[in-house]
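Trainee: Have a peek at final-v9.txt (compact mmCIF, C-alpha atoms).
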# COMPACT_ATOMS: atom_id res chain seq x y z
CA MET A 299 90.82 -66.44 53.77
CA GLN A 300 90.31 -63.79 56.47
CA ALA A 301 91.05 -60.66 54.52
CA GLY A 302 90.72 -58.43 57.53
CA HIS A 303 94.12 -59.35 58.81
CA ALA A 304 95.89 -57.97 55.83
CA ALA A 305 94.73 -54.53 56.79
CA SER A 306 95.02 -54.98 60.49
CA GLY A 307 98.74 -55.60 60.36
CA ALA A 308 99.33 -52.13 58.96
CA SER A 309 96.91 -50.31 61.26
CA ILE A 310 97.44 -51.96 64.64
CA LEU A 311 99.87 -49.24 65.77
CA LYS A 312 97.84 -46.35 64.33
CA GLN A 313 95.21 -46.04 67.02
CA PRO A 314 93.40 -43.15 68.76
CA LYS A 315 94.60 -42.04 72.19
CA ALA A 316 91.51 -43.62 73.74
CA VAL A 317 92.61 -47.05 72.54
CA TRP A 318 96.18 -46.63 73.83
CA ALA A 319 94.94 -45.42 77.21
CA VAL A 320 92.76 -48.50 77.67
CA ALA A 321 95.42 -50.84 76.23
CA PHE A 322 97.99 -49.51 78.70
CA SER A 323 95.56 -50.05 81.57
CA CYS A 324 94.93 -53.58 80.28
CA VAL A 325 98.65 -54.30 80.50
CA VAL A 326 98.59 -53.08 84.09
CA ALA A 327 95.45 -55.09 84.87
CA PHE A 328 96.87 -58.33 83.50
CA MET A 329 100.15 -57.68 85.29
CA GLY A 330 98.02 -57.83 88.43
CA ILE A 331 96.94 -61.37 87.58
CA GLY A 332 100.49 -62.58 86.95
CA LEU A 333 101.88 -60.87 90.04
CA VAL A 334 100.15 -63.36 92.33
CA ASP A 335 101.21 -66.59 90.61
CA PRO A 336 104.84 -66.80 91.89
CA ILE A 337 103.82 -66.28 95.53
CA LEU A 338 101.21 -69.04 95.83
CA PRO A 339 103.62 -71.52 97.50
CA ALA A 340 104.92 -68.75 99.79
CA ILE A 341 101.39 -67.85 100.91
CA ALA A 342 100.67 -71.53 101.60
CA ALA A 343 103.84 -71.86 103.68
CA ASP A 344 103.68 -68.57 105.61
CA LEU A 345 99.97 -68.70 106.39
CA GLN A 346 99.91 -72.47 107.00
CA ALA A 347 97.36 -72.98 104.25
CA THR A 348 96.86 -76.10 102.17
CA PRO A 349 97.33 -75.96 98.40
CA THR A 350 93.54 -76.29 97.99
CA GLU A 351 92.94 -73.30 100.28
CA THR A 352 95.56 -71.28 98.42
CA GLU A 353 94.02 -72.15 95.05
CA LEU A 354 90.79 -70.60 96.35
CA LEU A 355 92.55 -67.26 95.80
CA PHE A 356 91.90 -67.91 92.12
CA THR A 357 88.43 -69.38 92.63
CA SER A 358 86.94 -66.53 94.69
CA TYR A 359 88.41 -64.04 92.23
CA LEU A 360 87.15 -65.89 89.14
CA VAL A 361 83.68 -66.77 90.49
CA ILE A 362 82.90 -63.15 91.30
CA THR A 363 84.50 -62.01 88.04
CA GLY A 364 82.37 -64.48 86.08
CA ILE A 365 79.09 -63.62 87.80
CA ALA A 366 79.71 -59.88 87.61
CA MET A 367 80.59 -60.11 83.92
CA PHE A 368 76.93 -60.80 83.13
CA PHE A 369 75.98 -57.37 84.46
CA THR A 370 78.84 -55.17 83.23
CA SER A 371 77.17 -54.34 79.91
CA TRP A 372 74.03 -53.19 81.77
CA ILE A 373 76.16 -50.97 84.02
CA SER A 374 78.46 -49.54 81.33
CA SER A 375 75.56 -48.81 78.99
CA ARG A 376 74.06 -46.57 81.65
CA ILE A 377 77.00 -44.81 83.29
CA GLY A 378 79.39 -44.94 80.34
CA ALA A 379 82.53 -46.91 79.55
CA LYS A 380 84.96 -44.46 81.15
CA ARG A 381 83.17 -44.39 84.50
CA THR A 382 82.84 -48.16 84.50
CA LEU A 383 86.56 -48.59 83.78
CA LEU A 384 87.48 -46.16 86.57
CA ILE A 385 85.17 -47.80 89.11
CA GLY A 386 86.66 -51.19 88.23
CA LEU A 387 90.23 -49.97 88.65
CA GLY A 388 89.36 -48.20 91.90
CA VAL A 389 87.79 -51.34 93.36
CA ILE A 390 90.90 -53.37 92.45
CA VAL A 391 93.18 -50.82 94.14
CA VAL A 392 91.17 -51.03 97.38
CA PHE A 393 90.91 -54.82 97.57
CA ALA A 394 94.48 -55.51 96.44
CA THR A 395 95.67 -53.24 99.26
CA LEU A 396 93.43 -55.01 101.78
CA ALA A 397 94.74 -58.40 100.60
CA GLY A 398 98.29 -57.20 101.22
CA LEU A 399 97.35 -56.16 104.76
CA SER A 400 95.67 -59.50 105.58
CA GLY A 401 96.89 -61.86 108.28
CA ASP A 402 95.23 -65.11 107.20
CA VAL A 403 94.38 -66.90 103.99
CA GLU A 404 90.62 -66.66 104.57
CA SER A 405 90.79 -62.86 104.50
CA ILE A 406 92.84 -62.89 101.30
CA ILE A 407 90.28 -65.22 99.68
CA GLY A 408 87.53 -62.75 100.59
CA PHE A 409 89.41 -59.70 99.37
CA ARG A 410 90.27 -61.49 96.13
CA ALA A 411 86.51 -61.82 95.59
CA GLY A 412 86.17 -58.04 95.81
CA TRP A 413 89.14 -57.75 93.47
CA GLY A 414 87.23 -59.97 91.03
CA LEU A 415 84.31 -57.52 91.01
CA GLY A 416 86.62 -54.71 89.95
CA ASN A 417 88.28 -56.97 87.42
CA ALA A 418 84.92 -57.77 85.80
CA LEU A 419 83.95 -54.12 85.49
CA PHE A 420 87.29 -53.28 83.93
CA ILE A 421 88.11 -56.21 81.62
CA SER A 422 84.72 -56.65 79.95
CA THR A 423 84.36 -52.91 79.39
CA ALA A 424 87.96 -52.57 78.22
CA LEU A 425 87.56 -55.13 75.44
CA ALA A 426 84.34 -53.54 74.18
CA THR A 427 85.92 -50.06 74.39
CA ILE A 428 89.02 -51.03 72.42
CA VAL A 429 86.98 -52.80 69.73
CA GLY A 430 84.58 -49.87 69.48
CA ALA A 431 87.21 -47.11 69.33
CA ALA A 432 90.01 -48.81 67.36
CA ALA A 433 91.02 -47.97 63.82
CA GLY A 434 91.40 -50.84 61.37
CA GLY A 435 88.45 -52.99 62.37
CA SER A 436 87.77 -55.47 65.17
CA SER A 437 90.60 -57.86 64.26
CA SER A 438 93.38 -55.31 64.80
CA ALA A 439 91.68 -54.15 68.01
CA ILE A 440 91.46 -57.69 69.38
CA ILE A 441 95.10 -58.36 68.50
CA LEU A 442 96.05 -55.20 70.39
CA TYR A 443 93.95 -56.31 73.37
CA GLU A 444 95.49 -59.79 73.39
CA ALA A 445 98.98 -58.25 73.04
CA ALA A 446 98.25 -56.19 76.16
CA LEU A 447 97.12 -59.38 77.88
CA GLY A 448 100.28 -61.26 76.91
CA LEU A 449 102.59 -58.37 77.82
CA GLY A 450 100.90 -57.98 81.19
CA LEU A 451 101.07 -61.69 81.90
CA ALA A 452 104.76 -61.71 80.95
CA ILE A 453 105.85 -58.73 83.03
CA GLY A 454 103.58 -59.51 85.99
CA PRO A 455 105.33 -62.69 87.18
CA LEU A 456 108.74 -60.97 87.00
CA VAL A 457 107.53 -58.08 89.13
CA GLY A 458 105.69 -60.52 91.39
CA GLY A 459 108.81 -62.63 91.77
CA LEU A 460 110.96 -59.63 92.67
CA LEU A 461 108.44 -58.21 95.14
CA GLY A 462 107.61 -61.70 96.43
CA SER A 463 111.26 -62.32 97.30
CA TRP A 464 110.84 -59.57 99.89
CA SER A 465 107.41 -60.70 101.12
CA TRP A 466 104.32 -62.36 99.73
CA ARG A 467 102.55 -59.10 100.58
CA GLY A 468 104.69 -57.16 98.09
CA PRO A 469 102.87 -58.26 94.92
CA PHE A 470 99.50 -57.24 96.36
CA PHE A 471 100.77 -53.75 97.15
CA GLY A 472 102.48 -53.70 93.74
CA THR A 473 99.18 -54.52 92.06
CA ALA A 474 97.45 -51.69 93.92
CA ALA A 475 100.13 -49.24 92.80
CA LEU A 476 99.98 -50.38 89.17
CA MET A 477 96.19 -50.17 89.09
CA ALA A 478 96.43 -46.63 90.46
CA ILE A 479 98.70 -45.77 87.52
CA GLY A 480 96.11 -47.29 85.17
CA PHE A 481 93.42 -45.19 86.85
CA VAL A 482 95.39 -42.01 86.17
CA ALA A 483 95.96 -43.06 82.55
CA ILE A 484 92.23 -43.53 81.96
CA VAL A 485 91.38 -40.21 83.64
CA THR A 486 93.90 -38.23 81.61
CA LEU A 487 93.94 -39.97 78.22
CA LEU A 488 90.50 -41.47 77.63
CA ARG A 489 88.08 -38.88 76.32
CA THR A 490 84.42 -39.81 76.29
CA ASP A 491 84.02 -38.45 72.77
CA GLY A 492 86.54 -41.03 71.56
CA VAL A 493 84.49 -43.95 72.81
CA GLU A 494 81.65 -45.60 70.98
CA ARG A 495 78.38 -44.55 72.65
CA SER A 496 76.19 -47.47 73.62
CA VAL A 497 72.42 -47.83 73.89
CA PRO A 498 71.24 -48.88 77.38
CA THR A 499 70.78 -52.64 77.48
CA LYS A 500 68.40 -54.76 79.49
CA LEU A 501 69.67 -56.53 82.59
CA SER A 502 68.74 -59.85 80.99
CA ALA A 503 70.55 -59.13 77.71
CA PRO A 504 73.72 -61.21 78.37
CA PHE A 505 71.65 -64.20 79.51
CA ARG A 506 69.41 -63.96 76.44
CA ALA A 507 72.51 -63.56 74.31
CA LEU A 508 73.62 -67.06 75.26
CA ALA A 509 70.47 -68.35 73.53
CA ARG A 510 72.04 -67.29 70.24
CA PRO A 511 73.43 -70.60 68.95
CA ALA A 512 76.81 -69.21 67.85
CA LEU A 513 77.51 -67.36 71.10
CA GLY A 514 76.21 -70.25 73.21
CA ILE A 515 78.51 -72.70 71.44
CA LEU A 516 81.56 -70.48 71.79
CA ALA A 517 80.81 -69.78 75.45
CA ALA A 518 80.44 -73.50 76.18
CA ALA A 519 83.73 -74.21 74.43
CA ALA A 520 85.42 -71.41 76.40
CA LEU A 521 84.07 -72.84 79.68
CA PHE A 522 86.04 -76.06 79.16
CA TYR A 523 88.99 -74.37 77.47
CA ASN A 524 89.47 -72.10 80.48
CA MET A 525 89.64 -75.14 82.74
CA GLY A 526 92.72 -76.25 80.87
CA PHE A 527 94.06 -72.69 80.87
CA PHE A 528 93.88 -72.34 84.65
CA VAL A 529 95.21 -75.82 85.34
CA LEU A 530 98.33 -74.67 83.52
CA LEU A 531 98.43 -71.25 85.20
CA ALA A 532 97.34 -72.00 88.77
CA TYR A 533 98.42 -75.59 89.43
CA THR A 534 101.86 -75.61 87.78
CA PRO A 535 103.57 -73.55 90.56
CA PHE A 536 102.71 -76.33 93.02
CA ALA A 537 103.86 -79.00 90.56
CA LEU A 538 107.25 -77.26 90.32
CA VAL A 539 107.86 -77.03 94.09
CA PRO A 540 108.83 -80.75 94.53
CA LEU A 541 111.20 -80.33 91.58
CA GLY A 542 113.23 -77.68 93.40
CA ILE A 543 111.64 -74.60 91.81
CA HIS A 544 109.87 -72.88 94.65
CA SER A 545 111.29 -69.37 95.08
CA ALA A 546 109.16 -66.46 93.94
CA ILE A 547 111.87 -65.26 91.53
CA ALA A 548 112.31 -68.70 89.93
CA LEU A 549 108.57 -69.13 89.45
CA GLY A 550 108.36 -65.57 88.16
CA LEU A 551 110.93 -66.34 85.47
CA VAL A 552 109.07 -69.49 84.40
CA PHE A 553 105.82 -67.60 83.95
CA PHE A 554 107.61 -64.68 82.35
CA GLY A 555 108.53 -67.14 79.58
CA TRP A 556 104.91 -68.30 79.47
CA GLY A 557 103.60 -64.73 79.18
CA VAL A 558 106.08 -63.81 76.44
CA ALA A 559 104.93 -66.89 74.51
CA VAL A 560 101.28 -65.79 74.88
CA ALA A 561 102.12 -62.31 73.59
CA ILE A 562 104.14 -63.54 70.58
CA THR A 563 101.50 -65.87 69.23
CA SER A 564 98.64 -63.48 70.02
CA VAL A 565 100.15 -60.73 67.90
CA TRP A 566 101.93 -62.56 65.09
CA VAL A 567 100.97 -66.22 64.81
CA ALA A 568 97.19 -66.00 65.27
CA PRO A 569 96.77 -63.48 62.40
CA LEU A 570 98.95 -65.62 60.12
CA LEU A 571 96.82 -68.68 60.80
CA THR A 572 93.46 -66.95 60.42
CA ALA A 573 94.63 -65.36 57.16
CA ARG A 574 95.08 -68.86 55.74
CA MET A 575 92.18 -70.79 57.23
CA ARG A 576 88.85 -70.21 58.90
CA ARG A 577 88.95 -69.30 62.56
CA THR A 578 87.05 -72.41 63.61
CA ARG A 579 89.55 -74.58 61.72
CA VAL A 580 92.32 -72.94 63.72
CA LEU A 581 90.45 -73.95 66.88
CA TRP A 582 90.05 -77.50 65.57
CA PHE A 583 93.82 -77.71 65.08
CA VAL A 584 95.20 -75.85 68.12
CA LEU A 585 92.86 -77.09 70.88
CA PRO A 586 94.00 -80.73 70.44
CA LEU A 587 97.63 -79.50 70.46
CA LEU A 588 96.99 -77.87 73.83
CA ALA A 589 95.50 -81.14 75.10
CA LEU A 590 98.64 -82.97 73.93
CA ASP A 591 100.81 -80.44 75.74
CA LEU A 592 98.88 -81.01 78.98
CA LEU A 593 99.21 -84.77 78.55
CA ALA A 594 102.95 -84.36 78.02
CA LEU A 595 103.13 -82.39 81.27
CA ALA A 596 101.33 -85.25 83.02
CA ALA A 597 103.71 -87.85 81.57
CA LEU A 598 106.86 -85.83 82.39
CA ILE A 599 105.73 -84.48 85.76
CA ASP A 600 109.02 -85.55 87.44
CA SER A 601 111.24 -83.50 85.12
CA ALA A 602 111.64 -79.80 85.93
CA VAL A 603 112.97 -79.05 82.44
CA ALA A 604 110.07 -80.84 80.77
CA VAL A 605 107.48 -79.04 82.92
CA ILE A 606 109.03 -75.63 82.18
CA VAL A 607 109.15 -76.37 78.45
CA GLY A 608 105.54 -77.58 78.61
CA VAL A 609 104.46 -74.35 80.30
CA VAL A 610 106.11 -72.19 77.62
CA VAL A 611 104.71 -74.33 74.79
CA GLY A 612 101.31 -74.04 76.43
CA GLY A 613 101.71 -70.26 76.37
CA LEU A 614 102.34 -70.35 72.62
CA LEU A 615 99.12 -72.28 72.08
CA LEU A 616 97.08 -70.22 74.54
CA GLY A 617 98.03 -67.00 72.76
CA ILE A 618 96.57 -68.31 69.51
CA LEU A 619 93.43 -69.63 71.15
CA ASN A 620 92.72 -66.48 73.18
CA THR A 621 92.91 -64.27 70.09
CA VAL A 622 90.93 -66.54 67.78
CA LEU A 623 88.18 -67.24 70.31
CA THR A 624 87.77 -63.53 71.03
CA GLU A 625 87.60 -62.71 67.31
CA CYS A 626 84.97 -65.42 66.87
CA VAL A 627 82.84 -64.00 69.68
CA MET A 628 83.02 -60.41 68.40
CA ASP A 629 81.85 -61.47 64.92
CA ALA A 630 79.54 -64.36 65.79
CA THR A 631 76.38 -62.28 66.26
CA ASP A 632 74.97 -58.82 65.59
CA LEU A 633 74.69 -58.18 69.33
CA PRO A 634 76.27 -55.06 70.86
CA ARG A 635 79.91 -55.83 71.58
CA SER A 636 79.53 -55.11 75.29
CA VAL A 637 76.68 -57.64 75.56
CA ALA A 638 78.54 -60.35 73.64
CA SER A 639 81.69 -59.73 75.68
CA SER A 640 79.79 -59.84 78.99
CA ALA A 641 77.98 -63.08 78.18
CA TYR A 642 81.03 -64.88 76.80
CA SER A 643 83.41 -63.66 79.50
CA GLY A 644 81.02 -64.55 82.30
CA VAL A 645 80.84 -68.19 81.24
CA ARG A 646 84.56 -68.33 80.47
CA PHE A 647 85.65 -67.08 83.90
CA LEU A 648 83.29 -69.47 85.68
CA GLY A 649 85.10 -72.30 83.88
CA GLY A 650 88.39 -70.94 85.15
CA ALA A 651 87.03 -70.79 88.70
CA ILE A 652 86.43 -74.53 88.78
CA ALA A 653 89.92 -75.59 87.74
CA PRO A 654 92.33 -74.41 90.51
CA PRO A 655 90.73 -76.07 93.58
CA ALA A 656 89.74 -79.12 91.53
CA ALA A 657 93.36 -79.47 90.41
CA ALA A 658 94.62 -79.26 94.00
CA VAL A 659 92.12 -81.90 95.15
CA LEU A 660 93.04 -84.23 92.27
CA ALA A 661 96.74 -83.83 93.01
CA ALA A 662 96.22 -84.63 96.69
CA THR A 663 93.85 -87.58 96.23
CA VAL A 664 94.88 -89.16 92.92
CA SER A 665 98.37 -88.15 91.70
CA PRO A 666 100.42 -85.03 90.92
CA SER A 667 99.90 -85.65 87.19
CA SER A 668 96.11 -86.05 87.31
CA PRO A 669 95.27 -82.30 87.11
CA PHE A 670 97.04 -82.07 83.75
CA ILE A 671 95.12 -85.12 82.49
CA ALA A 672 91.84 -83.56 83.61
CA GLY A 673 92.82 -80.31 81.92
CA ALA A 674 93.55 -82.17 78.69
CA ILE A 675 90.14 -83.84 78.79
CA ALA A 676 88.44 -80.46 79.33
CA VAL A 677 90.27 -78.96 76.35
CA LEU A 678 89.27 -81.90 74.12
CA ILE A 679 85.64 -81.36 75.16
CA ALA A 680 86.04 -77.72 74.07
CA ALA A 681 87.35 -78.89 70.69
CA ALA A 682 84.44 -81.31 70.29
CA ILE A 683 81.93 -78.54 71.02
CA VAL A 684 83.42 -76.34 68.29
CA VAL A 685 83.47 -79.19 65.78
CA LEU A 686 79.92 -80.33 66.54
CA GLY A 687 78.62 -76.76 66.44
CA ARG A 688 80.37 -75.80 63.20
CA SER A 689 77.12 -75.32 61.25
CA LYS A 690 76.17 -72.42 63.56
CA LEU A 691 79.54 -70.66 63.42
CA ALA A 692 79.55 -69.27 59.86
CA ALA A 693 79.45 -65.65 61.08
CA ALA A 694 82.27 -66.35 63.56
CA ASP A 695 84.35 -67.40 60.56
CA GLY A 696 83.53 -64.19 58.74
CA VAL A 697 81.20 -65.99 56.34
CA ALA A 698 77.78 -64.54 55.55
CA GLU A 699 74.90 -66.33 57.22
CA THR A 700 72.18 -68.07 55.28
CA ALA A 701 68.73 -66.50 55.05
CA GLU A 702 67.49 -69.05 57.56
CA GLY A 703 70.26 -68.11 60.00
CA GLU A 704 69.57 -64.40 59.59
CA ALA A 705 65.86 -64.93 60.22
CA GLU A 706 66.67 -66.88 63.38
CA ALA A 707 68.98 -64.10 64.59
CA ILE A 708 66.32 -61.45 63.92
CA GLY A 709 63.70 -63.47 65.76
CA LEU A 710 65.94 -63.91 68.79
CA GLY A 711 66.84 -60.22 68.70
CA ASP A 712 63.17 -59.23 68.71
CA ALA A 713 62.55 -61.56 71.63
CA ALA A 714 65.31 -59.86 73.61
Rewrite the coordinates I just gave you, this time as C-alpha cells.

Mentor:
Amino acid sequence: MQAGHAASGASILKQPKAVWAVAFSCVVAFMGIGLVDPILPAIAADLQATPTETELLFTSYLVITGIAMFFTSWISSRIGAKRTLLIGLGVIVVFATLAGLSGDVESIIGFRAGWGLGNALFISTALATIVGAAAGGSSSAIILYEAALGLGLAIGPLVGGLLGSWSWRGPFFGTAALMAIGFVAIVTLLRTDGVERSVPTKLSAPFRALARPALGILAAAALFYNMGFFVLLAYTPFALVPLGIHSAIALGLVFFGWGVAVAITSVWVAPLLTARMRRTRVLWFVLPLLALDLLALAALIDSAVAVIVGVVVGGLLLGILNTVLTECVMDATDLPRSVASSAYSGVRFLGGAIAPPAAAVLAATVSPSSPFIAGAIAVLIAAAIVVLGRSKLAAADGVAETAEGEAEAIGLGDAA
C-alpha cells in the first residue's frame, strides 16, 4: 500500500502560491506542445514538405530538449530556479515567434530546436520546483504537475485547431503569447523564498546519476516508453488524414479528447492504483495494455472511429504511466530532485526524438500500420526492463532499501 496518497488527495489543492504559479506556467508550456499537433498536415501541404520532414519538427525539439536536460540542474543550482524558469520561458517566446515568421520547413525545424532549449530549462526546473515547494509530499506535487500536463495537452490542440484554421502560423504565435503570460505569472507570483534552495551540483552529476541502478533502469524504460508515446502523439495526425480527418479543428478535437484522458487518469486513476499496489506493479500491468492499444490501432488503421477511440484510450493509459514513472523517479534515489529529474528527463526526451521520423519512414516504406507495431514493441521492451530490474526498484516502490542497497547508494554518492 502507498500510504502517501491518502494524504495527498486532501492536500493537492492546498498549495503555496509558488506552486500554483509554476503549475499555471506548466499548463501554458504543455499547451504549447499540443498547439502544434493539429497543424502538422497543414505545414506539410503548405510548405511542400514530406511527412518525414514535418516530423523533424518534433525531433529537433526533442533532441535539444533531451541533451539540454542533462545540464539544467547544473544551471538552476547556480542561478536559481526562478531565473532558470524565466530564461526558459523567454527562449520559448523568441523561437516560437521566429517559427511563426518562417517561410520554409527547414527554418521551422531549426527554430524548434531553439524552442527545445527553452523547454528543457523550464520543464525540468518546474518539476523539481513543484516537488520542492509543494505541501503534502512529493506524490501530491507530482499529481499536480501531471494534471497541469494533461490540462495543457487537452486545451492546446483545441487552441491550435482554432488558430490553425486561420493559418498554420497561428499556433506558433499563440504559443509565444501564452508563454509570455506564463513569464508574467512566474515574475509576479513565484517568490524565491518559497522555493527550495539547492546546493550547486557538478556538471557531471546527471550523467553519474544514471549509474545508480534504480534511476538507470527507470530511465532506460522511459526511453522506450516515450517512443510509443510519440508514435501515438506525432504519427497519428498523418494516419487520420487518409481517413478524412485532416482539418486543424478536427485534429484538435481528437487530441483534446486525448489530453482530457491524460488529465483524468493522472489525477484520479493513478493514485487509486498506487494506493492498492506497488508502483512497479502498476507499470507491469499498464505498459502491456498500452502495447495492446497500439497493436489495436495497427489492426484497425482503416477505421477512423477505431483510430480515434484508440487515441483516447491511449491517453487514459499514458496519464497513469506518466504519473507513476515520475513518482518512481522522485523516490528511487536520495539524489537531489533536480539532478534526478534532469537525468531521467534527458534520456526520456531522447527516446521521444527517435519516434516521429522513424514512424514516418516506416509508414512510407513498410505500411501505414507499421509505426504502431513498432511503438508497441518499444513499450513491451520498457515493460521488460521494469520487470527484469525489479530487485533494484524497492525505493521507487516506497519500500526501504536493504543495508546492501544503502551501502551501494552511499558509495556511488561519494564517488559523485

Trainee: Work out how far apart CA of Gly542 in chain A and CA of Leu338 in chain A are and give it in Å to one decimal.

Mentor: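 Atom-to-atom, CA of Gly542 in chain A and CA of Leu338 in chain A are spaced 15.0 Å apart.
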
Trainee: Hey, which of A:Ile453, A:Leu691, A:Ala366, A:Ala316 ends up closest to Ala630 in chain A? Count only C-alpha atoms.

Mentor: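 Answer, going by the shortest atom-to-atom distance: A:Leu691.
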
Trainee: Taking (93.2, -65.1, 75.6) as a centre in this file's frame and 9 Å as the limit, can you find every polymer residue with an atom that close, using only C-alpha atoms, and give them as an NGL selection string?

Mentor: :A and (444 or 447-448 or 560 or 564 or 616-624)

Trainee: Please provide the set of residues having any atom within 9 Å of Val325 in chain A, restricted to only C-alpha atoms, with same-chain residues fewer than 2 positions apart removed, written as a list in words.

Mentor: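 So the residues in contact are Val320, Ala321, Phe322, Ser323, Ala327, Phe328, Met329, Gly330, Tyr443, Ala445, Ala446, Leu447, Gly448, Leu449, Gly450, Leu451, Ile453 and Gly480 of chain A.
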
Trainee: Compare A:Ala397, A:Leu521, A:Val539, A:Phe481 by their minimum atom-to-atom distance to Ala340 in chain A, counting all atoms listed in the file, and give me the closest one.

Mentor: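 Answer, going by the shortest atom-to-atom distance: A:Val539.
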
Trainee: Report the distance between CA of Met628 in chain A and CA of Ala452 in chain A in Å, rounded to one decimal place.

Mentor: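 Taking CA of Met628 in chain A as the start and CA of Ala452 in chain A as the end point, the length is 25.1 Å.
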
Trainee: Give me, as a ChimeraX atom specification, all polymer residues having an atom no more than 12 Å from Leu456 in chain A, counting all atoms listed in the file and skipping those fewer than 3 positions away in the same chain.

Mentor: /A:329-337,449-453,459-463,469,472,545-558

Trainee: Give as JSON, numbers by chain the set of residues within 8 Å of the point (84.6, -57.6, 89.3), where distances use the file's coordinates and all atoms listed in the file.

Mentor: {"A": [362, 363, 364, 366, 367, 386, 411, 412, 413, 414, 415, 416, 417, 418, 419, 420]}

Trainee: Output range 366-381 of chain A with N, CA, C and O atoms present, as an mmCIF file, in the coordinates of the input.

Mentor:
data_model
loop_
_atom_site.group_PDB
_atom_site.id
_atom_site.type_symbol
_atom_site.label_atom_id
_atom_site.label_comp_id
_atom_site.auth_asym_id
_atom_site.auth_seq_id
_atom_site.Cartn_x
_atom_site.Cartn_y
_atom_site.Cartn_z
ATOM 1 N N ALA A 366 79.844 -61.318 87.858
ATOM 2 C CA ALA A 366 79.710 -59.880 87.610
ATOM 3 C C ALA A 366 79.761 -59.552 86.126
ATOM 4 O O ALA A 366 79.157 -58.554 85.686
ATOM 5 N N MET A 367 80.474 -60.359 85.351
ATOM 6 C CA MET A 367 80.590 -60.110 83.920
ATOM 7 C C MET A 367 79.213 -60.026 83.243
ATOM 8 O O MET A 367 79.030 -59.289 82.280
ATOM 9 N N PHE A 368 78.261 -60.790 83.736
ATOM 10 C CA PHE A 368 76.930 -60.800 83.130
ATOM 11 C C PHE A 368 76.210 -59.452 83.275
ATOM 12 O O PHE A 368 75.241 -59.190 82.569
ATOM 13 N N PHE A 369 76.676 -58.626 84.187
ATOM 14 C CA PHE A 369 75.980 -57.370 84.460
ATOM 15 C C PHE A 369 76.777 -56.133 84.037
ATOM 16 O O PHE A 369 76.287 -55.019 84.158
ATOM 17 N N THR A 370 78.009 -56.332 83.560
ATOM 18 C CA THR A 370 78.840 -55.170 83.230
ATOM 19 C C THR A 370 78.289 -54.387 82.047
ATOM 20 O O THR A 370 78.409 -53.154 82.009
ATOM 21 N N SER A 371 77.701 -55.076 81.064
ATOM 22 C CA SER A 371 77.170 -54.340 79.910
ATOM 23 C C SER A 371 75.987 -53.475 80.334
ATOM 24 O O SER A 371 75.824 -52.357 79.825
ATOM 25 N N TRP A 372 75.162 -53.971 81.264
ATOM 26 C CA TRP A 372 74.030 -53.190 81.770
ATOM 27 C C TRP A 372 74.529 -51.938 82.490
ATOM 28 O O TRP A 372 74.012 -50.840 82.310
ATOM 29 N N ILE A 373 75.605 -52.100 83.270
ATOM 30 C CA ILE A 373 76.160 -50.970 84.020
ATOM 31 C C ILE A 373 76.817 -49.962 83.073
ATOM 32 O O ILE A 373 76.536 -48.760 83.114
ATOM 33 N N SER A 374 77.706 -50.459 82.195
ATOM 34 C CA SER A 374 78.460 -49.540 81.330
ATOM 35 C C SER A 374 77.564 -48.818 80.340
ATOM 36 O O SER A 374 77.852 -47.686 79.955
ATOM 37 N N SER A 375 76.459 -49.464 79.937
ATOM 38 C CA SER A 375 75.560 -48.810 78.990
ATOM 39 C C SER A 375 74.780 -47.665 79.621
ATOM 40 O O SER A 375 74.192 -46.839 78.921
ATOM 41 N N ARG A 376 74.785 -47.619 80.946
ATOM 42 C CA ARG A 376 74.060 -46.570 81.650
ATOM 43 C C ARG A 376 74.962 -45.471 82.212
ATOM 44 O O ARG A 376 74.589 -44.298 82.216
ATOM 45 N N ILE A 377 76.128 -45.843 82.702
ATOM 46 C CA ILE A 377 77.000 -44.810 83.290
ATOM 47 C C ILE A 377 78.171 -44.470 82.379
ATOM 48 O O ILE A 377 78.925 -43.542 82.670
ATOM 49 N N GLY A 378 78.322 -45.224 81.285
ATOM 50 C CA GLY A 378 79.390 -44.940 80.340
ATOM 51 C C GLY A 378 80.619 -45.803 80.566
ATOM 52 O O GLY A 378 80.890 -46.247 81.695
ATOM 53 N N ALA A 379 81.356 -46.038 79.488
ATOM 54 C CA ALA A 379 82.530 -46.910 79.550
ATOM 55 C C ALA A 379 83.608 -46.342 80.465
ATOM 56 O O ALA A 379 84.214 -47.072 81.262
ATOM 57 N N LYS A 380 83.875 -45.040 80.360
ATOM 58 C CA LYS A 380 84.960 -44.460 81.150
ATOM 59 C C LYS A 380 84.699 -44.588 82.642
ATOM 60 O O LYS A 380 85.584 -44.997 83.406
ATOM 61 N N ARG A 381 83.481 -44.270 83.082
ATOM 62 C CA ARG A 381 83.170 -44.390 84.500
ATOM 63 C C ARG A 381 83.249 -45.836 84.969
ATOM 64 O O ARG A 381 83.723 -46.119 86.081
#
